[in-house]
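First the structure, in the form of structure tokens, and then the observations on it.
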Amino acid sequence: MLAEKLTKSAFKHIEGEIAAYHDTKKEIAKLRNEIMNPVGFADENVGGGKSNLPGDPTANRAISLATHKKLSHLETVTNAIEMVYNRLPEHKKKLINLYYWTTPQTLTWEGIAQKMHISRRQALNWRNEIICYIGDIMGWR
């Protein structure tokens with residue numbers, strides 16, 4: 001099984017990324033907006049004359065979108081979560097929704113298992129499988 005491949009810290013990190021998924025989506029939108037609609041621009045031609053290169057703001061924005069490291073990382077993480085989530089059967093999607101995306105979280109794993117009419121062990125096995133699947137897609141160990 002995939003569970004042995006993930007380190008404990010990677011497992012916890014992926015759990016944190018799932019829990020923060022909706023905030024991460026908002027941050028991606030904010031970063032994209034900042035790149036596409038800059039407030040001002042930095043004058044890189046300090047003390048020099050007029051540049052002999054034509055300005056191409058559209059290309060510059062496209063390059064910024066493609067090379068922005070933070071944006072790229074956040075998109076990689078959310079894409080992996082979405083890919084796994086969209087492939088899950090409905091009962092496992094419900095597990096993710098109940099444990100990671102319900103706020104305020106008032107249920108323990110025992111409570112979630114009871115609500116889903118499964119054992120606590122089964123709920124945790126499903127969680128482990130989902131986390132490892134996401135880690136596998138991201139190439140984490």
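Identifiers in the structure tokens: chain A, B, ... in order shown; residue index from 1 per chain; ligand index from 1 in order shown.
Residues within 12 Å of A:Thr24, counting only C-alpha atoms and excluding same-chain residues fewer than 2 positions away, are Gly16, Glu17, Ile18, Ala19, Ala20, Tyr21, His22, Lys26, Glu27, Ile28, Ala29, Lys30, Leu31, Lys70, Leu71, Ser72, His73, Leu74, Glu75, Thr76, Val77, Thr78, Asn79 and Ile81 of chain A.
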Near-A:Tyr100 list (12 Å; only C-alpha atoms; drop same-chain fewer than 2 positions) as JSON, numbers by chain | {"A": [14, 15, 16, 17, 18, 19, 20, 21, 22, 92, 93, 94, 95, 96, 97, 98, 102, 103, 104, 105, 106, 107, 108, 109, 112, 127, 131]}
Preceding selection exported with C-alpha atoms as a PDB file, in the first residue's frame:
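This went into result_6.pdb:
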```
ATOM      1  CA  ILE A  14      -0.819  17.157   2.974  1.00  0.00           C
ATOM      2  CA  GLU A  15      -3.540  17.082   5.639  1.00  0.00           C
ATOM      3  CA  GLY A  16      -2.850  20.757   6.285  1.00  0.00           C
ATOM      4  CA  GLU A  17      -3.044  21.524   2.567  1.00  0.00           C
ATOM      5  CA  ILE A  18      -6.414  19.774   2.310  1.00  0.00           C
ATOM      6  CA  ALA A  19      -7.727  21.728   5.300  1.00  0.00           C
ATOM      7  CA  ALA A  20      -6.459  24.996   3.773  1.00  0.00           C
ATOM      8  CA  TYR A  21      -7.686  24.156   0.249  1.00  0.00           C
ATOM      9  CA  HIS A  22     -10.407  26.835   0.067  1.00  0.00           C
ATOM     10  CA  LYS A  92     -15.110   9.329   0.501  1.00  0.00           C
ATOM     11  CA  LYS A  93     -15.887  12.859  -0.695  1.00  0.00           C
ATOM     12  CA  LYS A  94     -18.276  13.083   2.268  1.00  0.00           C
ATOM     13  CA  LEU A  95     -15.420  12.075   4.586  1.00  0.00           C
ATOM     14  CA  ILE A  96     -13.234  14.917   3.233  1.00  0.00           C
ATOM     15  CA  ASN A  97     -16.081  17.402   3.519  1.00  0.00           C
ATOM     16  CA  LEU A  98     -16.950  16.385   7.064  1.00  0.00           C
ATOM     17  CA  THR A 102     -16.650  21.700   7.783  1.00  0.00           C
ATOM     18  CA  THR A 103     -16.225  24.754   9.977  1.00  0.00           C
ATOM     19  CA  PRO A 104     -16.415  24.916  12.857  1.00  0.00           C
ATOM     20  CA  GLN A 105     -15.222  21.335  13.194  1.00  0.00           C
ATOM     21  CA  THR A 106     -17.109  19.727  16.043  1.00  0.00           C
ATOM     22  CA  LEU A 107     -16.755  16.060  15.089  1.00  0.00           C
ATOM     23  CA  THR A 108     -13.942  13.708  15.995  1.00  0.00           C
ATOM     24  CA  TRP A 109     -13.031  10.750  13.800  1.00  0.00           C
ATOM     25  CA  ILE A 112     -17.567  11.236  11.622  1.00  0.00           C
ATOM     26  CA  ARG A 127      -8.224   9.114   5.047  1.00  0.00           C
ATOM     27  CA  ILE A 131      -3.647  11.415   1.683  1.00  0.00           C
TER      28      ILE A 131
END
```
Atom CA of A:His117 to atom CA of A:Trp101: how many Å, to one decimal?
-> 19.3 Å
Between atom CA of A:Arg141 and atom CA of A:Lys5, what is the spacing in Å?
->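 Taking atom CA of A:Lys5 and atom CA of A:Arg141, their separation equals 5.3 Å.
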Length of the atom CA of A:Lys12 to atom CA of A:Gly135 vector [Å] | 10.7 Å
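Comparing the minimum interatomic distances between A:Lys115 and each of A:Ser9, A:Ile137, A:Tyr99, A:His68, counting only C-alpha atoms, we find that A:Tyr99 sits nearest.
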